[in-house]
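Single-structure report; data block below.
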Amino acid sequence: MAGKALSLLPPLLLATAGLAGLLLLCVPTRDVQEPPALKYGIVLDAGSSHTSMFIYKWPADKENDTGIVGQHSSCDVQGGGISSYADDPSKAGRSLVECLEQALRDVPTERHAATPLYLGATAGMRLLNLTRPEASASVLAAVTQTLTQYPFDFRGARILSGQDEGVFGWVTANYLLENFIKCSFNGVFQPPLSGSFIAFSAFYYTVDFLRTVMGLPTATLKQLDAAAVTTCNQTWAQLQARAPEQKARLADYCAGAMFVQQLLSRGYGFDERKFSGVAFQRKAADSAVGWALGYMLNLTNLIPADPPGLRKGTAFSSWVVLLLLFAALLLAALVLLLRRVRSTKAQNVI
């Protein structure tokens, strides 16, 4: 009799384990909020001398409808700006291919279709649009044709006004310096006690040339003025000897240096004291300073946020697998138990 009872023990244990597992899976659990997925956006900054591509990312749930955007990666397009292809517009589109191929690799494949792609053209195309509007339209059409061949969500190519470029650049600089994020207390923002300024883009490249290539100090307005005069007094051969790799831009540095000095002193009214608060920077917080990030920040308001994902303590797929496993275990135990019972009855009959 004891042997018969022992023969029923394994299926009973299996049945108990399967039933206990099913009961545990049915116990109410708290929903766990998953980390927000990332969204991506691509901005092509088509400047007068070159084009740069910036890939940005932000949490998909956003905050106050504006994404907390960070730079994911970047790429500098080989060759000149798209306005330099006015006589052969098709080359303007082809020049972007290498960086667009990088974008295919840098943005996760499952996010390609949901990634907005923008192209903003600045000074070079503004000038071309004034002097040769037909050529300007042809260049924009050529880059549009290239951009639409990629799986991203292309949102258009347009020429930015000088005002837009300035506003988006201001947003970028203040965002990277956290002037929009840090509060004094109780969520109340207050302006800084003393002003500081970032000079970027053409300002940075011009002053950087004076400092690094010409070896001239630019810490004060007087030094900046002297550096501009010294540069303009150089012969073409002397400039080429200093920076042969920058031959295409050397002719612009004299006028550029004079323009920067005059604009800061006479145009914007910086004196020697206030000039000390001007920082000539290319990057801030590991991101390039320019209009592109400000443009992307503004456009995230038009991109709907994704609701946060919720799941059980275990992933849903794992929960289903465990449910099926315990159900199969319980079923196997019942089948085994029935067979043992029938076998026992048959032996009793004999």
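Residues in the structure tokens are numbered from 1 in each chain, the chains being A, B, ... in the order shown, and ligands are numbered from 1 in the order shown.
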
Contacts of Val69 (chain A) at 8 Å (only C-alpha atoms; same-chain gap of 6+ positions) as an mmCIF file with C-alpha atoms, in the first residue's frame:
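Saved the output as selection_33.cif:
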data_model
loop_
_atom_site.group_PDB
_atom_site.id
_atom_site.type_symbol
_atom_site.label_atom_id
_atom_site.label_comp_id
_atom_site.auth_asym_id
_atom_site.auth_seq_id
_atom_site.Cartn_x
_atom_site.Cartn_y
_atom_site.Cartn_z
ATOM 1 C CA TYR A 56 20.239 64.888 -32.253
ATOM 2 C CA LYS A 57 18.391 62.642 -29.800
ATOM 3 C CA TRP A 58 15.961 63.193 -26.926
ATOM 4 C CA PRO A 59 13.723 61.092 -24.617
ATOM 5 C CA LEU A 293 20.469 72.668 -32.239
ATOM 6 C CA MET A 296 15.878 71.197 -33.566
ATOM 7 C CA LEU A 297 14.767 72.273 -30.083
#

Inset, instruction - Please identify all polymer residues within 12 Å of region 137-142 of chain A, counting only C-alpha atoms, omitting same-chain residues fewer than 5 positions from it, and present them as a PyMOL selection string. - result: chain A and resi 46+81-96+119-121+124-126+128-132+147-149+156-159

Deliver the residues from the most recent selection as a file, using N, CA and C atoms, as a short mmCIF file (atom, residue, chain, number, x, y, z; two decimals), in the first residue's frame.
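Everything below was put into part.cif:
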data_model
loop_
_atom_site.label_atom_id
_atom_site.label_comp_id
_atom_site.auth_asym_id
_atom_site.auth_seq_id
_atom_site.Cartn_x
_atom_site.Cartn_y
_atom_site.Cartn_z
N ALA A 46 23.53 73.99 -44.00
CA ALA A 46 24.16 74.30 -45.29
C ALA A 46 24.67 75.73 -45.28
N GLY A 81 30.08 74.76 -49.79
CA GLY A 81 28.66 74.83 -49.47
C GLY A 81 27.82 74.55 -50.70
N ILE A 82 26.53 74.28 -50.49
CA ILE A 82 25.69 73.91 -51.63
C ILE A 82 25.54 75.06 -52.62
N SER A 83 25.73 76.30 -52.17
CA SER A 83 25.63 77.44 -53.09
C SER A 83 26.77 77.45 -54.10
N SER A 84 27.88 76.75 -53.79
CA SER A 84 29.00 76.71 -54.73
C SER A 84 28.71 75.82 -55.93
N TYR A 85 27.59 75.08 -55.89
CA TYR A 85 27.22 74.22 -57.02
C TYR A 85 26.13 74.86 -57.88
N ALA A 86 26.07 76.18 -57.87
CA ALA A 86 25.02 76.87 -58.62
C ALA A 86 25.05 76.55 -60.11
N ASP A 87 26.25 76.31 -60.65
CA ASP A 87 26.37 76.02 -62.08
C ASP A 87 26.16 74.54 -62.40
N ASP A 88 26.13 73.70 -61.39
CA ASP A 88 25.88 72.27 -61.59
C ASP A 88 25.13 71.75 -60.36
N PRO A 89 23.83 72.07 -60.24
CA PRO A 89 23.06 71.77 -59.02
C PRO A 89 23.06 70.30 -58.62
N SER A 90 23.15 69.39 -59.58
CA SER A 90 23.09 67.96 -59.23
C SER A 90 24.22 67.57 -58.28
N LYS A 91 25.37 68.26 -58.38
CA LYS A 91 26.49 67.96 -57.49
C LYS A 91 26.17 68.34 -56.04
N ALA A 92 25.29 69.32 -55.86
CA ALA A 92 24.91 69.71 -54.50
C ALA A 92 24.25 68.56 -53.78
N GLY A 93 23.36 67.85 -54.47
CA GLY A 93 22.70 66.70 -53.86
C GLY A 93 23.67 65.56 -53.62
N ARG A 94 24.53 65.29 -54.60
CA ARG A 94 25.47 64.17 -54.46
C ARG A 94 26.48 64.41 -53.34
N SER A 95 26.78 65.67 -53.06
CA SER A 95 27.77 65.97 -52.01
C SER A 95 27.30 65.53 -50.63
N LEU A 96 25.99 65.37 -50.45
CA LEU A 96 25.44 65.02 -49.14
C LEU A 96 25.41 63.52 -48.86
N LEU A 119 16.83 70.44 -43.79
CA LEU A 119 18.00 71.15 -44.31
C LEU A 119 17.72 72.64 -44.24
N GLY A 120 18.62 73.37 -43.59
CA GLY A 120 18.51 74.82 -43.52
C GLY A 120 19.73 75.46 -44.16
N ALA A 121 19.50 76.30 -45.15
CA ALA A 121 20.60 76.98 -45.84
C ALA A 121 20.72 78.40 -45.31
N GLY A 124 25.29 81.70 -47.75
CA GLY A 124 25.61 81.47 -49.16
C GLY A 124 24.38 81.38 -50.03
N MET A 125 23.39 80.65 -49.57
CA MET A 125 22.15 80.50 -50.35
C MET A 125 21.30 81.76 -50.30
N ARG A 126 21.37 82.51 -49.22
CA ARG A 126 20.65 83.79 -49.17
C ARG A 126 21.17 84.73 -50.25
N LEU A 128 22.85 83.82 -53.00
CA LEU A 128 22.54 83.25 -54.32
C LEU A 128 21.08 83.51 -54.68
N ASN A 129 20.19 83.43 -53.69
CA ASN A 129 18.77 83.67 -53.94
C ASN A 129 18.51 85.11 -54.35
N LEU A 130 19.34 86.04 -53.88
CA LEU A 130 19.19 87.45 -54.25
C LEU A 130 19.72 87.72 -55.65
N THR A 131 20.83 87.07 -55.99
CA THR A 131 21.49 87.37 -57.27
C THR A 131 21.03 86.46 -58.40
N ARG A 132 20.78 85.18 -58.07
CA ARG A 132 20.38 84.21 -59.10
C ARG A 132 19.28 83.31 -58.53
N LEU A 147 17.64 63.99 -50.69
CA LEU A 147 17.18 63.73 -49.32
C LEU A 147 15.93 62.86 -49.29
N THR A 148 15.07 62.99 -50.28
CA THR A 148 13.84 62.18 -50.31
C THR A 148 14.11 60.72 -50.67
N GLN A 149 15.32 60.41 -51.11
CA GLN A 149 15.65 59.02 -51.44
C GLN A 149 16.03 58.21 -50.21
N GLY A 156 11.67 69.01 -45.39
CA GLY A 156 11.86 70.16 -46.27
C GLY A 156 13.25 70.76 -46.20
N ALA A 157 13.61 71.47 -47.28
CA ALA A 157 14.86 72.23 -47.36
C ALA A 157 14.49 73.68 -47.62
N ARG A 158 14.99 74.58 -46.80
CA ARG A 158 14.64 75.99 -46.98
C ARG A 158 15.80 76.89 -46.63
N ILE A 159 15.70 78.13 -47.08
CA ILE A 159 16.70 79.15 -46.78
C ILE A 159 16.26 79.89 -45.52
#

Inset, instruction - Can you check which residues of region 72-179 of chain A DSSP gives as helix (DSSP H, G or I) on the backbone and send them as a PyMOL selection string? - result: chain A and resi 82-85+89-94+97-106+109-114+123-131+133-147+162-176

Show me a table, sorted first by chain and then by increasing residue number, of the residues of region 237-269 of chain A having an atom at most 9 Å from region 204-228 of chain A, each with its shortest atom pair and the distance in Å to one decimal, counting only C-alpha atoms and written as a Markdown table.
| residue | atom | partner | partner_atom | distance |
| --- | --- | --- | --- | --- |
| A:Leu239 | CA | A:Met214 | CA | 8.8 |
| A:Arg242 | CA | A:Val213 | CA | 6.6 |
| A:Ala243 | CA | A:Val213 | CA | 6.9 |
| A:Tyr253 | CA | A:Thr206 | CA | 6.4 |
| A:Cys254 | CA | A:Ala228 | CA | 6.4 |
| A:Ala255 | CA | A:Ala228 | CA | 8.4 |
| A:Gly256 | CA | A:Thr206 | CA | 6.4 |
| A:Ala257 | CA | A:Ala228 | CA | 5.1 |
| A:Met258 | CA | A:Ala228 | CA | 5.7 |
| A:Val260 | CA | A:Thr206 | CA | 8.0 |
| A:Gln261 | CA | A:Asp225 | CA | 6.1 |
| A:Gln262 | CA | A:Asp225 | CA | 8.5 |
| A:Leu264 | CA | A:Leu221 | CA | 8.6 |
| A:Ser265 | CA | A:Leu221 | CA | 7.6 |

Inset, instruction - From a DSSP calculation on the backbone, collect every residue of region 64-245 of chain A in strand (DSSP E) and output the set as JSON, numbers by chain. - result: {"A": [70, 71, 72, 73, 74, 75, 76, 116, 117, 118, 119, 120, 121, 153, 154, 155, 156, 157, 158, 159, 197, 198, 199]}

Please, could you write that set of residues out with C-alpha atoms as a compact mmCIF listing (two decimals), in the first residue's frame?
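again.txt written:
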# COMPACT_ATOMS: atom_id res chain seq x y z
CA GLY A 70 21.54 66.30 -27.03
CA GLN A 71 23.94 65.89 -29.93
CA HIS A 72 24.26 62.24 -30.97
CA SER A 73 26.81 62.57 -33.78
CA SER A 74 27.88 64.86 -36.60
CA CYS A 75 29.43 64.80 -40.06
CA ASP A 76 31.14 67.45 -42.18
CA PRO A 116 12.65 64.03 -39.07
CA LEU A 117 15.23 65.35 -41.53
CA TYR A 118 15.65 69.07 -42.18
CA LEU A 119 18.00 71.15 -44.31
CA GLY A 120 18.51 74.82 -43.52
CA ALA A 121 20.60 76.98 -45.84
CA ASP A 153 10.96 61.67 -42.52
CA PHE A 154 12.11 64.55 -44.74
CA ARG A 155 10.48 67.81 -43.62
CA GLY A 156 11.86 70.16 -46.27
CA ALA A 157 14.86 72.23 -47.36
CA ARG A 158 14.64 75.99 -46.98
CA ILE A 159 16.70 79.15 -46.78
CA PHE A 197 28.38 86.23 -24.37
CA ILE A 198 29.41 83.48 -26.78
CA ALA A 199 30.72 84.37 -30.23

Legend entry - Closest of A:Val43, A:Ala37, A:Leu263, A:Val97 to Arg111 (chain A) - atom-to-atom distances counting only C-alpha atoms: A:Ala37

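Our summary of the geometry notes that CA of Gly169 (chain A) is positioned 27.6 Å from CA of Gln145 (chain A).
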
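Of note, CA of Gln78 (chain A) and CA of Glu98 (chain A) are spaced 8.5 Å apart.
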